[in-house]
file coords_37.pdb (PDB, C-alpha atoms)
ATOM      1  CA  MET D 224      -4.325  85.654 115.140
ATOM      2  CA  LYS D 225      -6.120  82.642 113.709
ATOM      3  CA  ILE D 226      -7.564  80.053 116.089
ATOM      4  CA  ASN D 227      -5.950  76.594 116.021
ATOM      5  CA  VAL D 228      -8.691  73.955 115.737
ATOM      6  CA  ALA D 229      -8.006  70.230 116.023
ATOM      7  CA  ILE D 230     -10.690  68.260 114.185
ATOM      8  CA  ILE D 231     -10.725  64.850 115.837
ATOM      9  CA  MET D 232     -12.101  61.985 113.749
ATOM     10  CA  GLY D 233     -11.984  58.207 113.519
ATOM     11  CA  GLY D 234     -12.500  56.538 116.866
ATOM     12  CA  TYR D 235     -12.486  52.977 118.132
ATOM     13  CA  SER D 236     -15.904  51.738 117.017
ATOM     14  CA  SER D 237     -17.438  50.261 113.862
ATOM     15  CA  GLU D 238     -18.328  53.825 112.833
ATOM     16  CA  TYR D 239     -14.756  55.075 112.378
ATOM     17  CA  LYS D 240     -14.921  55.210 108.553
ATOM     18  CA  ILE D 241     -18.015  57.447 108.640
ATOM     19  CA  SER D 242     -16.315  59.609 111.273
ATOM     20  CA  LEU D 243     -13.301  60.117 109.003
ATOM     21  CA  ILE D 244     -15.666  61.406 106.303
ATOM     22  CA  SER D 245     -17.454  63.691 108.785
ATOM     23  CA  GLY D 246     -14.151  65.109 109.998
ATOM     24  CA  GLN D 247     -12.965  65.726 106.447
ATOM     25  CA  VAL D 248     -16.188  67.653 105.697
ATOM     26  CA  VAL D 249     -15.570  69.876 108.729
ATOM     27  CA  TYR D 250     -12.000  70.429 107.542
ATOM     28  CA  ASP D 251     -13.134  71.263 104.006
ATOM     29  CA  TYR D 252     -15.878  73.713 105.014
ATOM     30  CA  LEU D 253     -14.263  75.469 107.977
ATOM     31  CA  ASN D 254     -13.393  79.093 107.195
ATOM     32  CA  LYS D 255      -9.603  79.033 106.683
ATOM     33  CA  GLU D 256      -9.393  82.826 107.018
ATOM     34  CA  LYS D 257     -10.471  82.540 110.662
ATOM     35  CA  PHE D 258      -9.194  79.106 111.647
ATOM     36  CA  ASN D 259      -6.092  76.989 111.259
ATOM     37  CA  ALA D 260      -7.674  73.549 110.851
ATOM     38  CA  PHE D 261      -5.770  70.358 111.682
ATOM     39  CA  ARG D 262      -6.986  66.821 110.945
ATOM     40  CA  ILE D 263      -6.346  64.575 113.939
ATOM     41  CA  HIS D 264      -6.972  60.853 113.516
ATOM     42  CA  ILE D 265      -7.829  59.161 116.816
ATOM     43  CA  LEU D 266      -7.478  55.426 116.192
ATOM     44  CA  LYS D 267      -6.832  52.434 118.441
ATOM     45  CA  GLU D 268      -3.338  51.973 117.074
ATOM     46  CA  LYS D 269      -2.315  55.650 116.831
ATOM     47  CA  TRP D 270      -3.194  59.299 117.426
ATOM     48  CA  VAL D 271      -1.756  61.352 114.564
ATOM     49  CA  TYR D 272      -1.988  64.741 112.894
ATOM     50  CA  VAL D 273      -2.442  64.234 109.144
ATOM     51  CA  ASP D 274      -1.029  67.250 107.324
ATOM     52  CA  GLU D 275      -2.035  68.696 103.944
ATOM     53  CA  ASN D 276       0.354  66.255 102.225
ATOM     54  CA  ASP D 277      -1.167  63.306 104.152
ATOM     55  CA  ARG D 278       2.005  62.875 106.205
ATOM     56  CA  GLU D 279       1.400  61.672 109.751
ATOM     57  CA  HIS D 280       2.812  63.292 112.892
ATOM     58  CA  PRO D 281       2.293  61.706 116.336
ATOM     59  CA  VAL D 282       0.096  63.456 118.889
ATOM     60  CA  ASN D 283       1.610  63.877 122.358
ATOM     61  CA  LYS D 284      -1.142  62.468 124.618
ATOM     62  CA  ASP D 285       0.347  64.221 127.679
ATOM     63  CA  ASP D 286      -0.859  67.640 126.506
ATOM     64  CA  PHE D 287      -2.514  66.976 123.119
ATOM     65  CA  SER D 288       0.179  68.833 121.206
ATOM     66  CA  VAL D 289       1.959  67.985 117.959
ATOM     67  CA  ASP D 290       5.583  68.492 116.999
ATOM     68  CA  THR D 291       6.425  68.542 113.285
ATOM     69  CA  PRO D 292       9.859  69.107 111.728
ATOM     70  CA  THR D 293       8.975  72.796 111.304
ATOM     71  CA  GLU D 294       6.713  73.731 114.251
ATOM     72  CA  SER D 295       5.188  72.834 117.604
ATOM     73  CA  ILE D 296       1.366  72.990 117.508
ATOM     74  CA  LYS D 297      -0.964  73.603 120.429
ATOM     75  CA  PHE D 298      -4.733  73.814 119.999
ATOM     76  CA  ASP D 299      -7.212  76.467 121.135
ATOM     77  CA  CYS D 300     -10.244  74.278 120.471
ATOM     78  CA  VAL D 301     -11.135  70.710 119.496
ATOM     79  CA  PHE D 302     -13.919  70.013 117.009
ATOM     80  CA  ASN D 303     -15.267  66.579 117.902
ATOM     81  CA  ALA D 304     -16.342  64.551 114.854
ATOM     82  CA  ILE D 305     -15.894  61.085 116.394
ATOM     83  CA  HIS D 306     -18.995  58.865 116.270
ATOM     84  CA  GLY D 307     -19.022  56.183 118.944
ATOM     85  CA  SER D 308     -16.210  55.574 121.434
ATOM     86  CA  PRO D 309     -14.134  57.456 122.575
ATOM     87  CA  GLY D 310     -15.673  60.649 121.164
ATOM     88  CA  GLU D 311     -19.361  60.097 121.905
ATOM     89  CA  ASP D 312     -19.197  58.227 125.225
ATOM     90  CA  GLY D 313     -17.461  60.879 127.352
ATOM     91  CA  LEU D 314     -13.866  59.653 127.277
ATOM     92  CA  MET D 315     -12.452  62.378 125.028
ATOM     93  CA  GLN D 316     -14.589  65.033 126.741
ATOM     94  CA  ALA D 317     -13.147  64.113 130.146
ATOM     95  CA  TYR D 318      -9.615  64.044 128.709
ATOM     96  CA  PHE D 319      -9.937  67.548 127.260
ATOM     97  CA  GLU D 320     -11.512  68.875 130.438
ATOM     98  CA  LEU D 321      -8.518  67.623 132.428
ATOM     99  CA  LEU D 322      -6.203  69.348 129.939
ATOM    100  CA  GLY D 323      -8.259  72.557 129.963
ATOM    101  CA  ILE D 324      -8.855  72.456 126.198
ATOM    102  CA  LYS D 325     -12.205  73.658 124.874
ATOM    103  CA  GLN D 326     -14.189  71.225 122.709
ATOM    104  CA  THR D 327     -17.371  71.461 120.660
ATOM    105  CA  SER D 328     -19.477  68.568 121.925
ATOM    106  CA  CYS D 329     -21.362  68.156 125.200
ATOM    107  CA  ASP D 330     -19.613  67.553 128.537
ATOM    108  CA  TYR D 331     -18.364  64.106 129.577
ATOM    109  CA  TYR D 332     -21.314  63.233 131.848
ATOM    110  CA  GLN D 333     -23.898  64.101 129.183
ATOM    111  CA  ALA D 334     -21.940  62.164 126.555
ATOM    112  CA  SER D 335     -21.730  59.080 128.759
ATOM    113  CA  LEU D 336     -25.415  59.283 129.684
ATOM    114  CA  THR D 337     -26.751  59.748 126.154
ATOM    115  CA  PHE D 338     -24.472  57.049 124.753
ATOM    116  CA  ASN D 339     -26.205  54.568 127.062
ATOM    117  CA  LYS D 340     -29.696  54.113 125.598
ATOM    118  CA  ARG D 341     -31.083  52.486 128.754
ATOM    119  CA  ASP D 342     -29.861  55.228 131.081
ATOM    120  CA  LEU D 343     -30.897  58.064 128.766
ATOM    121  CA  LEU D 344     -34.488  56.889 128.441
ATOM    122  CA  SER D 345     -34.728  56.199 132.192
ATOM    123  CA  VAL D 346     -33.493  59.705 133.081
ATOM    124  CA  LEU D 347     -35.915  61.380 130.648
ATOM    125  CA  LYS D 348     -38.976  59.358 131.715
ATOM    126  CA  PRO D 349     -39.837  61.610 134.743
ATOM    127  CA  TYR D 350     -40.099  64.557 132.322
ATOM    128  CA  GLY D 351     -42.930  62.803 130.470
ATOM    129  CA  ILE D 352     -40.767  61.711 127.538
ATOM    130  CA  LYS D 353     -42.101  58.350 126.415
ATOM    131  CA  SER D 354     -40.183  55.367 125.078
ATOM    132  CA  ALA D 355     -41.009  51.827 123.941
ATOM    133  CA  ALA D 356     -41.494  48.941 126.371
ATOM    134  CA  SER D 357     -38.073  47.368 126.891
ATOM    135  CA  TYR D 358     -36.112  44.461 128.356
ATOM    136  CA  TYR D 359     -32.434  44.598 129.359
ATOM    137  CA  LEU D 360     -29.743  41.923 129.086
ATOM    138  CA  ASN D 361     -26.102  41.930 130.150
ATOM    139  CA  LEU D 362     -23.516  39.523 128.763
ATOM    140  CA  GLY D 363     -23.666  36.326 130.816
ATOM    141  CA  ASP D 364     -27.315  36.748 131.854
ATOM    142  CA  GLU D 365     -29.645  33.810 131.402
ATOM    143  CA  ILE D 366     -31.715  34.380 128.260
ATOM    144  CA  ARG D 367     -35.369  33.712 129.027
ATOM    145  CA  GLU D 368     -36.979  33.983 125.620
ATOM    146  CA  ASP D 369     -40.587  33.601 126.795
ATOM    147  CA  GLU D 370     -40.038  36.312 129.407
ATOM    148  CA  ILE D 371     -38.571  38.667 126.816
ATOM    149  CA  ILE D 372     -41.479  38.157 124.418
ATOM    150  CA  ALA D 373     -43.990  38.632 127.233
ATOM    151  CA  ALA D 374     -42.345  41.979 128.053
ATOM    152  CA  VAL D 375     -41.952  43.465 124.564
ATOM    153  CA  GLY D 376     -43.979  41.318 122.160
ATOM    154  CA  LEU D 377     -43.189  40.448 118.545
ATOM    155  CA  PRO D 378     -41.862  41.876 116.363
ATOM    156  CA  CYS D 379     -39.223  43.546 118.525
ATOM    157  CA  PHE D 380     -35.856  45.234 118.107
ATOM    158  CA  VAL D 381     -32.664  43.861 119.646
ATOM    159  CA  LYS D 382     -29.994  46.556 119.967
ATOM    160  CA  ALA D 383     -26.540  47.045 121.410
ATOM    161  CA  ASN D 384     -27.040  49.431 124.322
ATOM    162  CA  LYS D 385     -23.928  51.518 123.695
ATOM    163  CA  ALA D 386     -23.395  51.580 119.932
ATOM    164  CA  GLY D 387     -24.621  53.899 117.228
ATOM    165  CA  SER D 388     -25.455  53.868 113.539
ATOM    166  CA  SER D 389     -27.461  50.646 113.717
ATOM    167  CA  PHE D 390     -24.545  48.287 114.263
ATOM    168  CA  GLY D 391     -25.675  45.204 116.145
ATOM    169  CA  ILE D 392     -29.390  45.834 115.598
ATOM    170  CA  SER D 393     -31.963  43.285 114.418
ATOM    171  CA  LYS D 394     -35.714  43.258 113.939
ATOM    172  CA  VAL D 395     -37.051  39.959 115.255
ATOM    173  CA  TYR D 396     -40.360  38.557 114.044
ATOM    174  CA  GLU D 397     -40.322  35.116 115.656
ATOM    175  CA  LYS D 398     -38.984  33.497 118.794
ATOM    176  CA  GLU D 399     -36.614  31.255 116.801
ATOM    177  CA  ALA D 400     -34.654  34.299 115.561
ATOM    178  CA  LEU D 401     -34.189  35.872 118.992
ATOM    179  CA  ALA D 402     -31.023  34.022 120.055
ATOM    180  CA  LYS D 403     -29.141  34.942 116.864
ATOM    181  CA  ALA D 404     -30.162  38.606 117.184
ATOM    182  CA  ILE D 405     -28.980  38.686 120.805
ATOM    183  CA  GLU D 406     -25.641  37.169 119.769
ATOM    184  CA  LYS D 407     -25.265  39.834 117.047
ATOM    185  CA  ALA D 408     -25.942  42.642 119.536
ATOM    186  CA  PHE D 409     -23.479  41.214 122.073
ATOM    187  CA  ALA D 410     -20.793  41.276 119.352
ATOM    188  CA  GLU D 411     -21.007  45.111 119.577
ATOM    189  CA  ASP D 412     -21.561  45.624 123.316
ATOM    190  CA  ASN D 413     -21.792  43.693 126.587
ATOM    191  CA  GLU D 414     -25.182  45.290 127.313
ATOM    192  CA  ILE D 415     -28.224  45.107 125.086
ATOM    193  CA  ILE D 416     -31.708  46.572 125.038
ATOM    194  CA  ILE D 417     -34.688  44.783 123.515
ATOM    195  CA  GLU D 418     -37.566  47.092 122.611
ATOM    196  CA  ALA D 419     -41.146  46.694 121.460
ATOM    197  CA  PHE D 420     -41.773  47.518 117.802
ATOM    198  CA  LEU D 421     -43.499  50.870 117.387
ATOM    199  CA  ASN D 422     -45.489  51.158 114.177
ATOM    200  CA  GLY D 423     -45.476  54.775 113.069
ATOM    201  CA  THR D 424     -43.640  57.635 111.393
ATOM    202  CA  GLU D 425     -39.951  57.953 112.289
ATOM    203  CA  VAL D 426     -38.487  61.436 112.580
ATOM    204  CA  SER D 427     -35.111  62.896 113.470
ATOM    205  CA  VAL D 428     -34.874  66.187 115.370
ATOM    206  CA  GLY D 429     -31.678  68.217 115.457
ATOM    207  CA  VAL D 430     -31.101  70.583 118.372
ATOM    208  CA  ILE D 431     -28.021  72.781 118.504
ATOM    209  CA  LYS D 432     -26.564  75.759 120.293
ATOM    210  CA  TYR D 433     -26.382  78.401 117.579
ATOM    211  CA  GLN D 434     -25.273  81.982 118.128
ATOM    212  CA  GLY D 435     -25.921  81.652 121.846
ATOM    213  CA  GLN D 436     -29.426  80.189 121.577
ATOM    214  CA  THR D 437     -30.869  76.675 121.738
ATOM    215  CA  LYS D 438     -32.241  76.080 118.244
ATOM    216  CA  VAL D 439     -34.443  73.234 116.989
ATOM    217  CA  LEU D 440     -33.724  72.569 113.315
ATOM    218  CA  PRO D 441     -36.324  71.577 110.706
ATOM    219  CA  ILE D 442     -37.503  68.011 111.361
ATOM    220  CA  THR D 443     -36.552  65.133 109.059
ATOM    221  CA  GLU D 444     -38.816  62.193 108.244
ATOM    222  CA  ILE D 445     -37.051  58.861 107.761
ATOM    223  CA  VAL D 446     -38.494  56.459 105.173
ATOM    224  CA  SER D 447     -36.293  53.376 104.928
ATOM    225  CA  GLU D 448     -36.248  51.132 101.871
ATOM    226  CA  ASN D 449     -35.163  48.353 104.214
ATOM    227  CA  ASP D 450     -37.193  46.828 107.020
ATOM    228  CA  PHE D 451     -35.926  49.532 109.385
ATOM    229  CA  PHE D 452     -33.416  52.408 109.493
ATOM    230  CA  ASP D 453     -30.288  50.231 109.567
ATOM    231  CA  TYR D 454     -26.691  50.978 108.543
ATOM    232  CA  ALA D 455     -27.417  50.617 104.817
ATOM    233  CA  ALA D 456     -30.400  52.933 105.122
ATOM    234  CA  LYS D 457     -28.343  55.534 106.972
ATOM    235  CA  TYR D 458     -25.111  55.453 105.005
ATOM    236  CA  GLU D 459     -25.665  53.608 101.723
ATOM    237  CA  GLY D 460     -28.618  55.547 100.361
ATOM    238  CA  LYS D 461     -31.266  52.961 101.237
ATOM    239  CA  SER D 462     -33.636  55.543 102.682
ATOM    240  CA  GLN D 463     -35.495  58.733 101.943
ATOM    241  CA  GLU D 464     -34.791  61.595 104.318
ATOM    242  CA  ILE D 465     -37.502  64.188 103.878
ATOM    243  CA  THR D 466     -36.949  67.648 105.377
ATOM    244  CA  PRO D 467     -39.265  69.110 106.514
ATOM    245  CA  ALA D 468     -41.075  65.961 107.665
ATOM    246  CA  ARG D 469     -44.561  65.239 106.315
ATOM    247  CA  ILE D 470     -46.216  65.537 109.706
ATOM    248  CA  SER D 471     -48.866  67.883 111.012
ATOM    249  CA  GLU D 472     -48.013  71.261 112.468
ATOM    250  CA  GLN D 473     -49.213  70.003 115.844
ATOM    251  CA  GLN D 474     -46.984  66.908 115.656
ATOM    252  CA  ALA D 475     -43.980  68.997 114.579
ATOM    253  CA  LEU D 476     -44.463  71.426 117.464
ATOM    254  CA  ARG D 477     -44.864  68.602 119.989
ATOM    255  CA  VAL D 478     -41.767  66.638 118.976
ATOM    256  CA  ALA D 479     -39.698  69.844 118.657
ATOM    257  CA  ASN D 480     -40.681  70.854 122.198
ATOM    258  CA  ILE D 481     -39.820  67.385 123.548
ATOM    259  CA  ALA D 482     -36.416  67.349 121.811
ATOM    260  CA  LYS D 483     -35.660  70.826 123.153
ATOM    261  CA  LEU D 484     -36.845  69.813 126.642
ATOM    262  CA  ALA D 485     -34.493  66.806 126.621
ATOM    263  CA  TYR D 486     -31.592  68.973 125.412
ATOM    264  CA  GLU D 487     -32.137  71.605 128.096
ATOM    265  CA  ARG D 488     -32.935  69.264 131.011
ATOM    266  CA  LEU D 489     -29.766  67.287 130.301
ATOM    267  CA  LYS D 490     -27.785  70.561 130.135
ATOM    268  CA  MET D 491     -26.548  69.693 126.684
ATOM    269  CA  ARG D 492     -24.429  71.810 124.409
ATOM    270  CA  GLY D 493     -23.054  71.356 120.941
ATOM    271  CA  PHE D 494     -25.010  69.308 118.411
ATOM    272  CA  SER D 495     -27.629  66.675 119.170
ATOM    273  CA  ARG D 496     -29.901  64.612 116.962
ATOM    274  CA  SER D 497     -32.751  62.724 118.614
ATOM    275  CA  GLU D 498     -34.794  59.981 116.971
ATOM    276  CA  PHE D 499     -38.517  59.520 117.603
ATOM    277  CA  ILE D 500     -41.371  57.393 116.309
ATOM    278  CA  PHE D 501     -44.886  58.789 116.255
ATOM    279  CA  VAL D 502     -47.585  56.388 117.398
ATOM    280  CA  ASP D 503     -50.740  58.289 116.480
ATOM    281  CA  ASP D 504     -49.817  61.807 117.626
ATOM    282  CA  GLU D 505     -47.479  60.756 120.458
ATOM    283  CA  PRO D 506     -43.693  60.807 119.863
ATOM    284  CA  TYR D 507     -41.679  58.037 121.514
ATOM    285  CA  MET D 508     -37.943  58.645 121.872
ATOM    286  CA  LEU D 509     -35.501  56.029 120.598
ATOM    287  CA  GLU D 510     -32.127  57.651 121.279
ATOM    288  CA  MET D 511     -30.059  60.831 121.237
ATOM    289  CA  ASN D 512     -26.820  61.216 119.271
ATOM    290  CA  THR D 513     -24.353  63.840 120.496
ATOM    291  CA  THR D 514     -21.812  63.654 117.658
ATOM    292  CA  PRO D 515     -24.157  63.046 114.718
ATOM    293  CA  GLY D 516     -22.947  62.475 111.179
ATOM    294  CA  LEU D 517     -21.569  65.595 109.481
ATOM    295  CA  THR D 518     -21.120  64.361 105.930
ATOM    296  CA  THR D 519     -22.842  66.476 103.291
ATOM    297  CA  GLU D 520     -25.512  63.750 103.032
ATOM    298  CA  SER D 521     -26.023  63.429 106.810
ATOM    299  CA  ILE D 522     -29.277  64.436 108.453
ATOM    300  CA  LEU D 523     -28.072  67.274 110.696
ATOM    301  CA  PRO D 524     -26.299  69.171 107.879
ATOM    302  CA  GLN D 525     -29.425  68.719 105.727
ATOM    303  CA  GLN D 526     -31.524  70.188 108.545
ATOM    304  CA  ALA D 527     -29.132  73.101 109.045
ATOM    305  CA  GLN D 528     -29.237  73.946 105.362
ATOM    306  CA  ALA D 529     -33.075  73.795 105.435
ATOM    307  CA  ALA D 530     -32.850  76.360 108.263
ATOM    308  CA  GLY D 531     -30.679  78.608 106.102
ATOM    309  CA  ILE D 532     -27.451  77.733 107.948
ATOM    310  CA  SER D 533     -24.489  76.831 105.737
ATOM    311  CA  LEU D 534     -22.028  74.148 106.805
ATOM    312  CA  ALA D 535     -19.341  76.813 107.289
ATOM    313  CA  GLU D 536     -21.691  78.777 109.592
ATOM    314  CA  LEU D 537     -22.753  75.620 111.451
ATOM    315  CA  PHE D 538     -19.170  74.560 112.173
ATOM    316  CA  GLU D 539     -17.965  78.065 112.995
ATOM    317  CA  SER D 540     -20.793  78.614 115.489
ATOM    318  CA  ALA D 541     -19.914  75.346 117.256
ATOM    319  CA  ILE D 542     -16.335  76.570 117.753
ATOM    320  CA  TRP D 543     -17.380  79.983 119.103
ATOM    321  CA  GLU D 544     -19.868  78.306 121.476
ATOM    322  CA  ALA D 545     -17.097  76.000 122.737
ATOM    323  CA  LEU D 546     -14.672  78.863 123.285
ATOM    324  CA  LYS D 547     -17.274  80.697 125.420
ATOM    325  CA  GLN D 548     -17.573  77.773 127.852
ATOM    326  CA  ASN D 549     -15.931  77.872 131.274
ATOM    327  CA  ASN D 550     -14.061  74.712 132.210
TER     328      ASN D 550
END

call {"tool": "encode", "arguments": {"input": "coords_37.pdb", "output": "structure tokens"}}
result
Amino acid sequence: MKINVAIIMGGYSSEYKISLISGQVVYDYLNKEKFNAFRIHILKEKWVYVDENDREHPVNKDDFSVDTPTESIKFDCVFNAIHGSPGEDGLMQAYFELLGIKQTSCDYYQASLTFNKRDLLSVLKPYGIKSAASYYLNLGDEIREDEIIAAVGLPCFVKANKAGSSFGISKVYEKEALAKAIEKAFAEDNEIIIEAFLNGTEVSVGVIKYQGQTKVLPITEIVSENDFFDYAAKYEGKSQEITPARISEQQALRVANIAKLAYERLKMRGFSRSEFIFVDDEPYMLEMNTTPGLTTESILPQQAQAAGISLAELFESAIWEALKQNN
């Protein structure tokens, strides 16, 4: 008997188009001799199964099943390829846990925690994991520009607290540009984080559960053609992604150990990709992504292939790991 796998993609955030590409890559590479793969689009206006002829069939949200003219489909496992809400912030994870359906990403608490940059960095601080000096704002707070600059300095980064893929992010060089950057970040989220600029080498570290073991993948160095690793750098080819990173053996070991420590202390499972900046030899964490991009050009698939893991093997392992979990 083949295993029925629902590949959920899309989502409610600005990242939904990238998620649709990620989900299609999973669908294309998943071993069809072992799995019946189903593309499920989770969008604000509809949840639908898109069949091989691109016909849409509604998903029953009561039990996450699909009825077509020829069959009734229930799923053994969900492969989560949604970037942003509701796939990366814990909502879908909690939904599937209530339904008793296995899914490939981390649990709902871990998803919610890591999606919130402020909370993630605060929780990891007692483990010695460093992060940039920061200042928090919520929508409606008084904006004290002098206080912000005193806390983080210039230049600084203004970011949406709960948004990925560099939406709502600005690098601010002067006080006069701060208000506009804050407005841009609030367009994505009602909480923002303003961080000191760290001048150093940026790296991305993938950590996955693979064949029952926690595995750190080869490290990627990020060299952006733009002023920082923004949306265009990530998704429009405006960056160099060098795997393995051009860092010392000592630096590679240190950042790999920190990424693995974060993964294990948070009781993660599934895929994660954490971003760091080296200041001298010290890595400072920026964020952790729990449903990272899975396009053929994305960083985690590049890292897996550098480790000798094909996309088919990467995706298949994630499903077997999910099926082993106890709800």

call {"tool": "atom_distance", "arguments": {"input": "coords_37.pdb", "atom1": "atom CA of D:Leu321", "atom2": "atom CA of D:Ala260"}}
result
22.4 Å

call {"tool": "closest_residue", "arguments": {"input": "coords_37.pdb", "among": "D:Leu509, D:Gly493, D:Ile415, D:Ser328", "to": "D:Gln436", "atoms": "all atoms listed in the file"}}
result
D:Gly493

call {"tool": "closest_residue", "arguments": {"input": "coords_37.pdb", "among": "D:Pro378, D:Ala545, D:Ile244, D:Ala410", "to": "D:Gly391", "atoms": "all atoms listed in the file"}}
result
D:Ala410

call {"tool": "resolve_selection", "arguments": {"input": "coords_37.pdb", "expression": "the PyMOL selection byres ((chain D and resi 368) around 12)", "output": "PyMOL selection string"}}
result
chain D and resi 358+360+364-367+369-377+395+397-405+417

call {"tool": "closest_residue", "arguments": {"input": "coords_37.pdb", "among": "D:Phe538, D:Tyr350, D:Tyr359, D:Phe287", "to": "D:Ile324", "atoms": "only C-alpha atoms"}}
result
D:Phe287

call {"tool": "closest_residue", "arguments": {"input": "coords_37.pdb", "among": "D:Leu546, D:Ala468, D:Leu484, D:Ile431", "to": "D:Leu523", "atoms": "only C-alpha atoms"}}
result
D:Ile431

call {"tool": "closest_residue", "arguments": {"input": "coords_37.pdb", "among": "D:Phe380, D:Tyr396, D:Phe499, D:Tyr486", "to": "D:Glu425", "atoms": "all atoms listed in the file"}}
result
D:Phe499

call {"tool": "closest_residue", "arguments": {"input": "coords_37.pdb", "among": "D:Leu421, D:Val439, D:Ile416, D:Val273", "to": "D:Ser497", "atoms": "all atoms listed in the file"}}
result
D:Val439

call {"tool": "resolve_selection", "arguments": {"input": "coords_37.pdb", "expression": "the PyMOL selection byres ((chain D and resi 249) around 10)", "output": "MDAnalysis selection string"}}
result
chainID D and resid 230:232 244:248 250:254 260 262 302:304 517:519 534:535 537:539

call {"tool": "resolve_selection", "arguments": {"input": "coords_37.pdb", "expression": "the PyMOL selection byres ((chain D and resi 234) around 9)", "output": "PyMOL selection string"}}
result
chain D and resi 231-233+235-240+242-243+264-267+305-310

call {"tool": "atom_distance", "arguments": {"input": "coords_37.pdb", "atom1": "atom CA of D:Lys438", "atom2": "atom CA of D:Gln526"}}
result
11.4 Å

call {"tool": "atom_distance", "arguments": {"input": "coords_37.pdb", "atom1": "atom CA of D:Gly363", "atom2": "atom CA of D:Asn413"}}
result
8.7 Å

call {"tool": "residues_around", "arguments": {"input": "coords_37.pdb", "residues": "D:Glu294", "least_positions_apart": "5", "cutoff": "12 Å", "atoms": "all atoms listed in the file", "output": "JSON, numbers by chain"}}
result
{"D": [280, 288, 289]}

call {"tool": "residues_around", "arguments": {"input": "coords_37.pdb", "residues": "D:Glu536", "least_positions_apart": "3", "cutoff": "12 Å", "atoms": "all atoms listed in the file", "output": "VMD selection string"}}
result
chain D and resid 249 252 to 254 257 433 to 434 524 527 to 528 530 to 533 539 to 543

call {"tool": "residues_around", "arguments": {"input": "coords_37.pdb", "residues": "D:Met491", "least_positions_apart": "3", "cutoff": "7 Å", "atoms": "all atoms listed in the file", "output": "PyMOL selection string"}}
result
chain D and resi 329+333+486-487

call {"tool": "decode", "arguments": {"input": "coords_37.pdb", "residues": "stretch 270-291 of chain D", "atoms": "C-alpha atoms", "output": "compact mmCIF listing (two decimals), in the first residue's frame"}}
result
# COMPACT_ATOMS: atom_id res chain seq x y z
CA TRP D 270 -8.36 25.11 0.61
CA VAL D 271 -8.28 22.87 -2.46
CA TYR D 272 -6.70 19.71 -3.82
CA VAL D 273 -5.25 20.45 -7.26
CA ASP D 274 -5.22 17.24 -9.29
CA GLU D 275 -2.89 16.21 -12.12
CA ASN D 276 -5.16 18.03 -14.61
CA ASP D 277 -5.10 21.20 -12.44
CA ARG D 278 -8.76 20.74 -11.49
CA GLU D 279 -9.60 21.93 -7.99
CA HIS D 280 -11.46 19.90 -5.37
CA PRO D 281 -12.45 21.44 -2.01
CA VAL D 282 -10.79 20.21 1.18
CA ASN D 283 -13.15 19.30 4.03
CA LYS D 284 -11.68 21.28 6.96
CA ASP D 285 -13.55 19.10 9.49
CA ASP D 286 -11.22 16.14 8.90
CA PHE D 287 -8.82 17.32 6.16
CA SER D 288 -10.23 14.91 3.60
CA VAL D 289 -11.07 15.40 -0.07
CA ASP D 290 -13.97 14.02 -2.08
CA THR D 291 -13.58 13.89 -5.87
